[in-house]
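Before any comments, here is the structure.
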Amino acid sequence: MNPRIITKDELNRLIDQLINTTKVYAPVRDKTGARWAKISSSTEVYLEEVNTRDPAKGFFFPRCELLLKFDQQGCPVEPEPPGATVVFGIRPCDARGLEFIKKFYTGQDRNDPYVRARVEQTVLIGVACSQPAPTCFCLAVGGSPHSQTGLDLLLIDLGNAYLAQPVSEKGEELSRTYPEADERSLKLASELREKVEAEIRTRIDTERLLAILKDGFNSAVWAELSKRCVNCGICTLLCPTCHCFDITDESVRGKVARYRVWDSCQFPFYSRHASGHNPRFSPSSRFRNRVMDKFYYTVEQVGEISCVGCGRCSANCPAGINICQTVQEIMETK
Amino acid sequence: MNPDDLLRSRAKELLNSKQVRVVLGWTASPGSPVSTPLFARTEEDADRLKVDETCSLNLANYLLRFKDEERVAIVARGCESRSIVVLIQENQLRREQVYILGKGCTGVFVQGVKSPSCAQCRYPNPVIYDEMLGDPVEPAEPDPALTQADAEFDRLSQNERWEIVSADISRCIRCYACRQVCPNCYCPVCFVDASNPQLVGKTHNLSDNMLFHIIRALHMAGRCVECGACHRACPMGIDLMRFNRRVCRIVQEKFNAVSGVDLNYPPALTRFAPDDPQEFIK
């Protein structure tokens with residue numbers, strides 16, 4: 001699939017055309033940042049921030065999803081299918097997060113119909129990062145500001161135009177009418193990649209970390225590291241790969257709706273059993289679970305670490321806990 | 001002596017003389033936009049202490065974790081001292097358990113921007129302390145922008161206000177950071193986590209989100225010290241202080257009370273006075 005050149009005007013026209021036929025979501029400006037919203041015009045797109053506040057995982061795994069409805073007569077009503085959706089302006093780390101969610105819920109012998117329906121209906125148009133945030137570390141966890149994983153089309157900002165690299169058939173279809181990229185543009189794109197990658201300096205020896213975590217369950221480091229944690233759910237709920245949920249029924253005037261909502265292992269009652277026993281009640285055991293899950297448990301479950309290096313957990317932690325520093329301290333303690 | 005050196009030397013003296021077991025303060029967190037709490041127990045720890053405008057959390061939040069310690073020292077700015085007053089008044093802490101290292105505050109800045117709560121601050125200096133680190137600061141002239149914005153909001157119709165607040169609250173992802181960073185939100189089981197019976201739904205629908213935030217705001221009536229920690233912690237940028245400012249204003253208007261400024265003046269909702277407004281009894 002050949003890379004193409006799309007001028008910024010042409011791209012805006014493309015977005016507006018897509019809006020006419022399908023739901024289009026993009027980062028929009030917020031009081032002090034950017035967030036995901038359904039847009040009705042290409043002028044709403046706001047790409048000045050590296051990360052949106054909320055991760056993109058909601059496009060496959062919404063924070064609150066209606067599973068079914070029923071009334072006193074029974075007769076469950078299944079929700080409307082999600083419908084065709086275009087996600088524009090997603091960053092490569094968030095796209096890798098979605099790839100993880102897809103793998104976790106629909107890979108191998110797993111088949112979550114709700115996630116699958118969204119995966120099939122969604123087109124992901126990514127925009128490569130040109131300026132990483134201080135908390136970014138995608139390179140340390142196998143990603144890149146120009147990573148194509150999980151995307152249908154990757155756009156690289158060349159100034160007046162974008163270099164559009166199709167990654168899937170869907171991406172090829174969107175971009176095939178535009179002219180093929182010339183040598184100069186390709187060279188510029190690869191220079192931009194080198195430049196932005198050089199700005200991300202954090203490195204994590206994930207192999208060594210894995211070995212340490214494998215027999216680090218009873219390490220004293222967890223109690224020490226978790227002391228400052230305020231036990232909120234920011235790090236997990238904003239994580240592009242955290243995928244835990246709770247199921248809850250709401251009943252209004254005889255009609256019942258069943259929802260699947262995001263949940264977080266950082267909440268004390270997340271692990272409470274029906275008997276009342278809570279195996280993970282202590283803050284340090286919950287803190288340990290998050291780190292173990294990111295860098296060890298999911299390696300066992302689906303074969304890869306589940307941190308994409310977006311840095312949202314570090315950037316938003318009210319107690320100033322930085323995941324890269326946490327990992328560093330774990331490696332130094334053992 | 002610069003403020004951090006003074007803090008470090010006093011912390012070491014307090015630890016060495018065994019007056020306290022631990023000093024609650026702050027230290028730098030490389031790569032993070034805010035400083036991180038540090039619970040110093042040794043001289044080496046004490047040498048890393050600092051307090052500046054990037055200390056965004058309200059440190060009093062951690063005090064109850066040290067309840068079993070004989071005596072703890074805490075670096076307290078105006079807000080922290082007011083939270084401590086509330087904790088003492090609510091019998092969560094005894095005054096003699098805490099040694100307060102007071103510090104005048106010129107506001108919390110997150111990524112260079114002054115926190116809106118700080119722009120309106122009337123109590124930059126600790127209201128109670130055992131010693132001051134450096135001189136008290138002059139309270140700055142409150143920034144009128146926020147008061148004006150509130151007045152404009154109040155002039156809107158009920159429907160318009162509901163629209164604005166709904167748009168904000170519908171974005172809540174229920175991470176409960178607002179509750180977790182609040183020094184005066186210390187219930188062992190929060191109403192929102194209660195499951196038998198379940199009091200608030202767990203969905204992210206507007207009704208459940210709104211119920212959580214309204215009840216939390218009401219629970220803070222006469223207790224909130226307007227430190228703004230919840231507002232700064234919110235990852236979705238929700239204007240949580242809109243509720244809290246309103247509640248504080250009502251408490252002040254109705255009961256002539258400001259929370260956490262006077263140890264001898266009980267919180268408005270825990271005391272009865274014959275001249276309290278009785279307008280709810282019709």
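Identifiers in the structure tokens: chain A, B, ... in order shown; residue index from 1 per chain; ligand index from 1 in order shown.
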
Show me, as JSON lines, the residues of segment 68-158 of chain B having an atom within 6 Å of segment 11-31 of chain B, each with the closest atom pair and its distance in Å, using only C-alpha atoms.
{"residue": "B:Arg71", "atom": "CA", "partner": "B:Val20", "partner_atom": "CA", "distance": 5.1}
{"residue": "B:Val72", "atom": "CA", "partner": "B:Val20", "partner_atom": "CA", "distance": 5.1}
{"residue": "B:Ala73", "atom": "CA", "partner": "B:Val23", "partner_atom": "CA", "distance": 4.6}
{"residue": "B:Ile74", "atom": "CA", "partner": "B:Leu24", "partner_atom": "CA", "distance": 4.5}
{"residue": "B:Val75", "atom": "CA", "partner": "B:Gly25", "partner_atom": "CA", "distance": 5.5}

Write out as a PDB file with N, CA, C and O atoms, in the first residue's frame all residues of segment 1-226 of chain B that DSSP puts in strand (DSSP E) for this structure's backbone.
ATOM      1  N   VAL B  22       7.794  11.204  62.316  1.00  0.00           N
ATOM      2  CA  VAL B  22       7.759  11.391  60.866  1.00  0.00           C
ATOM      3  C   VAL B  22       7.388  12.834  60.555  1.00  0.00           C
ATOM      4  O   VAL B  22       6.644  13.460  61.308  1.00  0.00           O
ATOM      5  N   VAL B  23       7.954  13.342  59.469  1.00  0.00           N
ATOM      6  CA  VAL B  23       7.612  14.692  59.012  1.00  0.00           C
ATOM      7  C   VAL B  23       6.935  14.571  57.649  1.00  0.00           C
ATOM      8  O   VAL B  23       7.520  14.055  56.701  1.00  0.00           O
ATOM      9  N   LEU B  24       5.696  15.031  57.585  1.00  0.00           N
ATOM     10  CA  LEU B  24       4.970  14.987  56.321  1.00  0.00           C
ATOM     11  C   LEU B  24       5.274  16.246  55.527  1.00  0.00           C
ATOM     12  O   LEU B  24       4.979  17.349  55.982  1.00  0.00           O
ATOM     13  N   GLY B  25       5.868  16.033  54.367  1.00  0.00           N
ATOM     14  CA  GLY B  25       6.204  17.177  53.521  1.00  0.00           C
ATOM     15  C   GLY B  25       6.140  16.770  52.066  1.00  0.00           C
ATOM     16  O   GLY B  25       5.420  15.844  51.705  1.00  0.00           O
ATOM     17  N   TRP B  26       6.943  17.444  51.263  1.00  0.00           N
ATOM     18  CA  TRP B  26       6.920  17.219  49.823  1.00  0.00           C
ATOM     19  C   TRP B  26       8.322  16.981  49.309  1.00  0.00           C
ATOM     20  O   TRP B  26       9.288  17.376  49.928  1.00  0.00           O
ATOM     21  N   THR B  27       8.393  16.348  48.141  1.00  0.00           N
ATOM     22  CA  THR B  27       9.668  16.313  47.448  1.00  0.00           C
ATOM     23  C   THR B  27       9.400  16.373  45.947  1.00  0.00           C
ATOM     24  O   THR B  27       8.269  16.195  45.501  1.00  0.00           O
ATOM     25  N   THR B  36       5.519  15.480  44.853  1.00  0.00           N
ATOM     26  CA  THR B  36       4.941  14.279  45.457  1.00  0.00           C
ATOM     27  C   THR B  36       5.158  14.324  46.966  1.00  0.00           C
ATOM     28  O   THR B  36       6.164  14.857  47.434  1.00  0.00           O
ATOM     29  N   PRO B  37       4.201  13.792  47.740  1.00  0.00           N
ATOM     30  CA  PRO B  37       4.377  13.799  49.196  1.00  0.00           C
ATOM     31  C   PRO B  37       5.579  12.960  49.614  1.00  0.00           C
ATOM     32  O   PRO B  37       5.920  11.976  48.960  1.00  0.00           O
ATOM     33  N   LEU B  38       6.213  13.388  50.693  1.00  0.00           N
ATOM     34  CA  LEU B  38       7.335  12.623  51.249  1.00  0.00           C
ATOM     35  C   LEU B  38       7.127  12.531  52.752  1.00  0.00           C
ATOM     36  O   LEU B  38       6.884  13.535  53.417  1.00  0.00           O
ATOM     37  N   PHE B  39       7.193  11.313  53.278  1.00  0.00           N
ATOM     38  CA  PHE B  39       7.031  11.113  54.714  1.00  0.00           C
ATOM     39  C   PHE B  39       8.409  10.822  55.280  1.00  0.00           C
ATOM     40  O   PHE B  39       8.878   9.679  55.239  1.00  0.00           O
ATOM     41  N   ALA B  40       9.063  11.861  55.756  1.00  0.00           N
ATOM     42  CA  ALA B  40      10.469  11.755  56.145  1.00  0.00           C
ATOM     43  C   ALA B  40      10.609  11.157  57.534  1.00  0.00           C
ATOM     44  O   ALA B  40      10.008  11.640  58.503  1.00  0.00           O
ATOM     45  N   VAL B  72       3.177  13.414  64.887  1.00  0.00           N
ATOM     46  CA  VAL B  72       3.717  13.618  63.550  1.00  0.00           C
ATOM     47  C   VAL B  72       3.818  15.110  63.273  1.00  0.00           C
ATOM     48  O   VAL B  72       3.027  15.906  63.776  1.00  0.00           O
ATOM     49  N   ALA B  73       4.829  15.459  62.484  1.00  0.00           N
ATOM     50  CA  ALA B  73       4.944  16.854  62.058  1.00  0.00           C
ATOM     51  C   ALA B  73       4.423  16.953  60.638  1.00  0.00           C
ATOM     52  O   ALA B  73       4.539  16.006  59.855  1.00  0.00           O
ATOM     53  N   ILE B  74       3.817  18.072  60.322  1.00  0.00           N
ATOM     54  CA  ILE B  74       3.293  18.265  58.968  1.00  0.00           C
ATOM     55  C   ILE B  74       3.575  19.693  58.522  1.00  0.00           C
ATOM     56  O   ILE B  74       3.458  20.629  59.318  1.00  0.00           O
ATOM     57  N   VAL B  75       3.980  19.818  57.271  1.00  0.00           N
ATOM     58  CA  VAL B  75       4.141  21.151  56.693  1.00  0.00           C
ATOM     59  C   VAL B  75       2.745  21.613  56.300  1.00  0.00           C
ATOM     60  O   VAL B  75       2.058  20.933  55.541  1.00  0.00           O
ATOM     61  N   ALA B  76       2.311  22.723  56.854  1.00  0.00           N
ATOM     62  CA  ALA B  76       0.939  23.153  56.599  1.00  0.00           C
ATOM     63  C   ALA B  76       0.881  24.587  56.110  1.00  0.00           C
ATOM     64  O   ALA B  76       1.391  25.496  56.760  1.00  0.00           O
ATOM     65  N   VAL B  98      -0.341  16.460  66.375  1.00  0.00           N
ATOM     66  CA  VAL B  98       0.331  17.061  65.216  1.00  0.00           C
ATOM     67  C   VAL B  98       1.194  18.235  65.598  1.00  0.00           C
ATOM     68  O   VAL B  98       0.781  19.108  66.378  1.00  0.00           O
ATOM     69  N   TYR B  99       2.393  18.221  65.049  1.00  0.00           N
ATOM     70  CA  TYR B  99       3.277  19.369  65.206  1.00  0.00           C
ATOM     71  C   TYR B  99       3.246  20.096  63.869  1.00  0.00           C
ATOM     72  O   TYR B  99       3.663  19.552  62.836  1.00  0.00           O
ATOM     73  N   ILE B 100       2.718  21.315  63.887  1.00  0.00           N
ATOM     74  CA  ILE B 100       2.461  21.996  62.615  1.00  0.00           C
ATOM     75  C   ILE B 100       3.585  22.964  62.269  1.00  0.00           C
ATOM     76  O   ILE B 100       3.839  23.932  62.987  1.00  0.00           O
ATOM     77  N   LEU B 101       4.267  22.640  61.159  1.00  0.00           N
ATOM     78  CA  LEU B 101       5.283  23.534  60.618  1.00  0.00           C
ATOM     79  C   LEU B 101       4.574  24.453  59.625  1.00  0.00           C
ATOM     80  O   LEU B 101       4.297  24.069  58.488  1.00  0.00           O
ATOM     81  N   GLY B 102       4.232  25.642  60.076  1.00  0.00           N
ATOM     82  CA  GLY B 102       3.425  26.542  59.247  1.00  0.00           C
ATOM     83  C   GLY B 102       4.232  27.178  58.130  1.00  0.00           C
ATOM     84  O   GLY B 102       5.431  27.415  58.266  1.00  0.00           O
ATOM     85  N   PHE B 109       0.497  26.424  41.686  1.00  0.00           N
ATOM     86  CA  PHE B 109       0.543  26.594  40.227  1.00  0.00           C
ATOM     87  C   PHE B 109       0.719  25.225  39.594  1.00  0.00           C
ATOM     88  O   PHE B 109       1.624  24.484  39.963  1.00  0.00           O
ATOM     89  N   VAL B 110      -0.154  24.877  38.672  1.00  0.00           N
ATOM     90  CA  VAL B 110       0.023  23.625  37.940  1.00  0.00           C
ATOM     91  C   VAL B 110       0.360  23.985  36.503  1.00  0.00           C
ATOM     92  O   VAL B 110      -0.394  24.682  35.830  1.00  0.00           O
ATOM     93  N   VAL B 113       0.101  27.657  35.761  1.00  0.00           N
ATOM     94  CA  VAL B 113      -1.175  28.363  35.895  1.00  0.00           C
ATOM     95  C   VAL B 113      -1.632  28.312  37.348  1.00  0.00           C
ATOM     96  O   VAL B 113      -1.669  27.246  37.959  1.00  0.00           O
ATOM     97  N   LYS B 114      -1.989  29.484  37.883  1.00  0.00           N
ATOM     98  CA  LYS B 114      -2.418  29.550  39.276  1.00  0.00           C
ATOM     99  C   LYS B 114      -3.788  28.892  39.424  1.00  0.00           C
ATOM    100  O   LYS B 114      -4.695  29.139  38.631  1.00  0.00           O
ATOM    101  N   GLU B 131       5.111  26.277  64.839  1.00  0.00           N
ATOM    102  CA  GLU B 131       6.135  27.257  64.487  1.00  0.00           C
ATOM    103  C   GLU B 131       5.972  27.618  63.024  1.00  0.00           C
ATOM    104  O   GLU B 131       5.406  26.847  62.241  1.00  0.00           O
ATOM    105  N   MET B 132       6.440  28.805  62.673  1.00  0.00           N
ATOM    106  CA  MET B 132       6.351  29.232  61.276  1.00  0.00           C
ATOM    107  C   MET B 132       7.705  29.035  60.605  1.00  0.00           C
ATOM    108  O   MET B 132       8.748  29.347  61.185  1.00  0.00           O
TER     109      MET B 132
END

### Message
Residues near Thr52 of chain A, anyone? I mean within 12 Å using only C-alpha atoms, not counting same-chain ones fewer than 6 positions away, as a ChimeraX atom specification.
### Response
/A:26-30,32-37,45-46,89-91,93-94,133,238-240,310-312,315-316 /B:235-237

Residues of chain B that have any atom at most 6 Å from an atom of chain A: could you tabulate them with the shortest-distance atom pair and the distance in Å to one decimal, using only C-alpha atoms, ordered by chain and increasing number, as JSON lines?
{"residue": "B:Ser32", "atom": "CA", "partner": "A:Gly320", "partner_atom": "CA", "distance": 5.6}
{"residue": "B:Val34", "atom": "CA", "partner": "A:Gly320", "partner_atom": "CA", "distance": 5.3}
{"residue": "B:Ser35", "atom": "CA", "partner": "A:Gly320", "partner_atom": "CA", "distance": 5.6}
{"residue": "B:Thr36", "atom": "CA", "partner": "A:Gly320", "partner_atom": "CA", "distance": 4.7}
{"residue": "B:Cys175", "atom": "CA", "partner": "A:Gly233", "partner_atom": "CA", "distance": 4.4}
{"residue": "B:Tyr176", "atom": "CA", "partner": "A:Cys232", "partner_atom": "CA", "distance": 5.6}
{"residue": "B:Ala177", "atom": "CA", "partner": "A:Cys232", "partner_atom": "CA", "distance": 4.8}
{"residue": "B:Gln180", "atom": "CA", "partner": "A:Cys232", "partner_atom": "CA", "distance": 5.8}
{"residue": "B:His204", "atom": "CA", "partner": "A:Cys64", "partner_atom": "CA", "distance": 5.8}
{"residue": "B:Ala233", "atom": "CA", "partner": "A:Pro318", "partner_atom": "CA", "distance": 5.2}

Restricting the output to C-alpha atoms, write the selected residues as a compact mmCIF listing (two decimals), in the first residue's frame.
# COMPACT_ATOMS: atom_id res chain seq x y z
CA SER B 32 5.61 14.77 36.93
CA VAL B 34 3.27 18.18 40.50
CA SER B 35 5.43 17.48 43.54
CA THR B 36 4.94 14.28 45.46
CA CYS B 175 -12.40 7.89 39.32
CA TYR B 176 -13.23 9.43 42.71
CA ALA B 177 -10.00 11.40 42.74
CA GLN B 180 -9.66 10.66 47.55
CA HIS B 204 -21.68 7.02 34.04
CA ALA B 233 -7.05 16.47 40.70

### Message
Taking the DSSP secondary structure from the backbone, can you list the residues of segment 4-63 of chain A that are helix (DSSP H, G or I), as a ChimeraX atom specification?
### Response
/A:8-21,42-44,56-59

### Task
Tell me which protein, DNA and RNA residues are within 10 Å of Ser285 of chain A, counting only C-alpha atoms, leaving out same-chain ones fewer than 3 positions away, and put them as an NGL selection string.
:A and (217-218 or 222-223 or 226 or 265-266 or 268 or 279-282 or 288-290)

Write the residues of the preceding selection, restricted to N, CA and C atoms, as a short mmCIF file (atom, residue, chain, number, x, y, z; two decimals), in the first residue's frame.
data_model
loop_
_atom_site.label_atom_id
_atom_site.label_comp_id
_atom_site.auth_asym_id
_atom_site.auth_seq_id
_atom_site.Cartn_x
_atom_site.Cartn_y
_atom_site.Cartn_z
N PHE A 217 6.34 -10.74 43.96
CA PHE A 217 5.01 -10.57 44.56
C PHE A 217 5.10 -10.16 46.02
N ASN A 218 6.05 -10.75 46.74
CA ASN A 218 6.14 -10.47 48.18
C ASN A 218 7.21 -9.43 48.52
N TRP A 222 6.55 -2.79 47.38
CA TRP A 222 5.17 -2.34 47.13
C TRP A 222 4.66 -1.44 48.24
N ALA A 223 4.94 -1.83 49.48
CA ALA A 223 4.47 -1.01 50.60
C ALA A 223 5.12 0.37 50.53
N SER A 226 3.71 2.47 47.44
CA SER A 226 2.28 2.82 47.46
C SER A 226 1.93 3.82 48.55
N CYS A 265 -9.04 -1.64 39.46
CA CYS A 265 -8.45 -2.48 40.51
C CYS A 265 -7.88 -1.62 41.64
N GLN A 266 -7.87 -0.30 41.46
CA GLN A 266 -7.37 0.57 42.51
C GLN A 266 -8.43 0.88 43.56
N PRO A 268 -10.91 -0.03 46.56
CA PRO A 268 -10.85 -1.06 47.60
C PRO A 268 -11.93 -2.13 47.47
N PRO A 279 -9.52 -10.06 49.18
CA PRO A 279 -8.11 -10.46 49.12
C PRO A 279 -7.16 -9.31 48.77
N ARG A 280 -7.70 -8.22 48.25
CA ARG A 280 -6.81 -7.14 47.84
C ARG A 280 -7.27 -5.83 48.46
N PHE A 281 -7.40 -5.86 49.77
CA PHE A 281 -7.93 -4.68 50.45
C PHE A 281 -6.86 -3.64 50.72
N SER A 282 -5.62 -4.09 50.94
CA SER A 282 -4.59 -3.11 51.33
C SER A 282 -4.16 -2.28 50.12
N ARG A 288 0.39 -2.82 43.71
CA ARG A 288 1.16 -3.91 43.11
C ARG A 288 0.41 -4.50 41.92
N ASN A 289 -0.90 -4.65 42.09
CA ASN A 289 -1.67 -5.27 41.02
C ASN A 289 -1.58 -4.48 39.71
N ARG A 290 -1.61 -3.16 39.83
CA ARG A 290 -1.56 -2.35 38.61
C ARG A 290 -0.24 -2.54 37.88
#

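Non-sequential neighbours of Glu300 of chain A (distance at most 12 Å, separation of 5 or more positions within a chain, only C-alpha atoms) are Phe104, Leu210, Lys214, Met292, Asp293, Lys294, Phe295, Ile305 and Ser306 of chain A.
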
Please write the residues from the selection above to a file, keeping all heavy atoms, as a CSV table (one decimal), in the first residue's frame.
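Final output, saved to again_37.csv:
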chain,number,residue,atom,x,y,z
A,104,PHE,N,-7.4,-8.4,23.6
A,104,PHE,CA,-7.8,-8.9,24.9
A,104,PHE,C,-9.2,-9.5,24.8
A,104,PHE,O,-9.6,-10.5,25.4
A,104,PHE,CB,-7.7,-7.9,26.0
A,104,PHE,CG,-7.9,-8.4,27.3
A,104,PHE,CD1,-6.8,-8.9,28.0
A,104,PHE,CD2,-9.2,-8.5,27.9
A,104,PHE,CE1,-7.0,-9.5,29.3
A,104,PHE,CE2,-9.3,-9.0,29.2
A,104,PHE,CZ,-8.2,-9.5,29.9
A,210,LEU,N,10.3,-7.8,33.8
A,210,LEU,CA,9.5,-9.0,33.8
A,210,LEU,C,10.0,-10.0,34.8
A,210,LEU,O,9.3,-10.6,35.6
A,210,LEU,CB,9.3,-9.5,32.4
A,210,LEU,CG,8.4,-10.8,32.3
A,210,LEU,CD1,7.0,-10.5,32.6
A,210,LEU,CD2,8.5,-11.3,30.8
A,214,LYS,N,8.3,-11.3,38.2
A,214,LYS,CA,7.9,-12.7,38.3
A,214,LYS,C,8.1,-13.3,39.7
A,214,LYS,O,7.3,-14.1,40.2
A,214,LYS,CB,8.6,-13.6,37.3
A,214,LYS,CG,7.9,-13.7,36.0
A,214,LYS,CD,8.5,-14.6,35.0
A,214,LYS,CE,7.7,-14.7,33.7
A,214,LYS,NZ,8.4,-15.4,32.7
A,292,MET,N,2.0,-5.0,38.2
A,292,MET,CA,2.1,-6.4,37.8
A,292,MET,C,1.2,-6.6,36.5
A,292,MET,O,1.7,-7.3,35.6
A,292,MET,CB,1.5,-7.3,38.9
A,292,MET,CG,2.5,-7.5,40.1
A,292,MET,SD,3.8,-8.6,39.7
A,292,MET,CE,4.4,-9.1,41.3
A,293,ASP,N,0.0,-6.1,36.5
A,293,ASP,CA,-0.8,-6.3,35.4
A,293,ASP,C,-0.2,-5.7,34.1
A,293,ASP,O,-0.2,-6.3,33.0
A,293,ASP,CB,-2.2,-5.7,35.6
A,293,ASP,CG,-3.2,-6.1,34.6
A,293,ASP,OD1,-3.7,-7.3,34.7
A,293,ASP,OD2,-3.5,-5.4,33.7
A,294,LYS,N,0.3,-4.5,34.2
A,294,LYS,CA,0.9,-3.8,33.0
A,294,LYS,C,2.1,-4.5,32.5
A,294,LYS,O,2.2,-4.6,31.2
A,294,LYS,CB,1.3,-2.4,33.4
A,294,LYS,CG,0.3,-1.4,33.8
A,294,LYS,CD,-0.6,-0.9,32.7
A,294,LYS,CE,-2.0,-1.3,33.0
A,294,LYS,NZ,-3.0,-1.2,31.9
A,295,PHE,N,3.0,-5.0,33.4
A,295,PHE,CA,4.3,-5.5,32.9
A,295,PHE,C,4.5,-7.0,33.0
A,295,PHE,O,5.5,-7.5,32.6
A,295,PHE,CB,5.4,-4.7,33.6
A,295,PHE,CG,5.4,-3.2,33.2
A,295,PHE,CD1,4.8,-2.3,34.1
A,295,PHE,CD2,5.9,-2.7,32.0
A,295,PHE,CE1,4.8,-0.9,33.8
A,295,PHE,CE2,5.9,-1.4,31.7
A,295,PHE,CZ,5.3,-0.5,32.6
A,305,ILE,N,3.2,-6.8,27.1
A,305,ILE,CA,2.9,-5.9,28.2
A,305,ILE,C,1.8,-4.9,27.8
A,305,ILE,O,1.5,-4.7,26.6
A,305,ILE,CB,4.2,-5.0,28.6
A,305,ILE,CG1,4.7,-4.2,27.4
A,305,ILE,CG2,5.3,-5.9,29.1
A,305,ILE,CD1,5.7,-3.2,27.8
A,306,SER,N,1.1,-4.4,28.8
A,306,SER,CA,-0.1,-3.6,28.5
A,306,SER,C,0.2,-2.1,28.9
A,306,SER,O,-0.7,-1.5,29.4
A,306,SER,CB,-1.3,-4.1,29.1
A,306,SER,OG,-1.1,-4.4,30.5

### Message
Neighbouring residues of segment 150-159 of chain A were defined as those with any atom within 7 Å, considering only C-alpha atoms; residues of the same chain fewer than 2 positions away were excluded. Please report them as a ChimeraX atom specification.
### Response
/A:95-96,98-99,123-128,148,161-168,170-171,189

Preceding selection exported with N, CA and C atoms as a CSV table (one decimal), in the first residue's frame:
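Result file follows (result.csv):
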chain,number,residue,atom,x,y,z
A,95,ALA,N,-3.8,4.2,19.6
A,95,ALA,CA,-4.1,3.1,18.7
A,95,ALA,C,-3.6,1.8,19.1
A,96,ARG,N,-2.4,1.8,19.7
A,96,ARG,CA,-1.8,0.5,20.2
A,96,ARG,C,-2.7,0.1,21.4
A,98,LEU,N,-5.9,0.5,21.7
A,98,LEU,CA,-7.1,-0.1,21.1
A,98,LEU,C,-6.8,-1.5,20.5
A,99,GLU,N,-5.6,-1.7,20.0
A,99,GLU,CA,-5.1,-2.9,19.4
A,99,GLU,C,-5.1,-4.0,20.6
A,123,VAL,N,-13.2,2.9,11.9
A,123,VAL,CA,-12.0,3.2,11.1
A,123,VAL,C,-11.1,4.2,11.9
A,124,LEU,N,-9.9,3.8,12.0
A,124,LEU,CA,-9.0,4.7,12.9
A,124,LEU,C,-8.0,5.4,12.0
A,125,ILE,N,-8.1,6.7,12.0
A,125,ILE,CA,-7.1,7.6,11.3
A,125,ILE,C,-6.2,8.2,12.3
A,126,GLY,N,-5.0,7.8,12.3
A,126,GLY,CA,-4.0,8.3,13.3
A,126,GLY,C,-3.3,9.6,12.8
A,127,VAL,N,-2.8,10.3,13.7
A,127,VAL,CA,-1.9,11.5,13.4
A,127,VAL,C,-0.6,11.3,14.2
A,128,ALA,N,0.5,11.2,13.5
A,128,ALA,CA,1.8,11.0,14.2
A,128,ALA,C,2.1,12.2,15.1
A,148,GLN,N,2.4,2.5,13.5
A,148,GLN,CA,1.2,2.3,12.6
A,148,GLN,C,0.3,1.2,13.3
A,161,ALA,N,1.0,19.8,4.1
A,161,ALA,CA,0.2,18.6,3.7
A,161,ALA,C,0.6,17.4,4.6
A,162,TYR,N,-0.2,16.4,4.5
A,162,TYR,CA,0.1,15.2,5.3
A,162,TYR,C,0.6,14.1,4.4
A,163,LEU,N,1.5,13.3,4.9
A,163,LEU,CA,1.9,12.1,4.2
A,163,LEU,C,0.9,11.0,4.8
A,164,ALA,N,0.1,10.4,3.9
A,164,ALA,CA,-0.9,9.4,4.4
A,164,ALA,C,-0.4,8.0,4.1
A,165,GLN,N,-0.1,7.3,5.2
A,165,GLN,CA,0.4,5.9,5.0
A,165,GLN,C,-0.8,4.9,5.3
A,166,PRO,N,-1.4,4.3,4.3
A,166,PRO,CA,-2.4,3.3,4.6
A,166,PRO,C,-1.8,2.1,5.3
A,167,VAL,N,-2.6,1.6,6.2
A,167,VAL,CA,-2.1,0.4,7.0
A,167,VAL,C,-3.0,-0.8,6.7
A,168,SER,N,-4.3,-0.5,6.4
A,168,SER,CA,-5.3,-1.6,6.2
A,168,SER,C,-6.0,-1.3,4.9
A,170,LYS,N,-9.1,-0.6,4.7
A,170,LYS,CA,-10.0,0.5,5.0
A,170,LYS,C,-9.2,1.8,4.7
A,171,GLY,N,-8.0,1.8,5.2
A,171,GLY,CA,-7.1,3.0,5.0
A,171,GLY,C,-6.8,3.3,3.5
A,189,ALA,N,9.4,12.7,5.9
A,189,ALA,CA,8.7,12.0,6.9
A,189,ALA,C,9.6,11.2,7.8

### Message
Between atom CA of Val86 of chain A and atom CA of Gly143 of chain A, what distance in Å does the model show, to one decimal?
### Response
22.6 Å

### Query
Can you list, as number ranges by chain, every protein, DNA or RNA residue that comes within 9 Å of Arg223 of chain B when you count only C-alpha atoms, leaving out same-chain residues fewer than 6 positions away?
B: 83, 86, 184, 248, 258-260, 267-269

### Query
Could you work out how far atom CA of Tyr296 of chain A lies from atom CA of Glu207 of chain A, giving the answer in Å with one decimal?
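Atom-to-atom, atom CA of Glu207 of chain A and atom CA of Tyr296 of chain A are spaced 9.8 Å apart.
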
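The spacing separating atom CA of Thr22 of chain A from atom CA of Asp9 of chain A amounts to 19.9 Å.
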
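Here the question is which of A:Thr241, A:Gln72, A:Ser144, A:Ser130 gets nearest to Arg253 of chain A using only C-alpha atoms, and that residue is A:Gln72.
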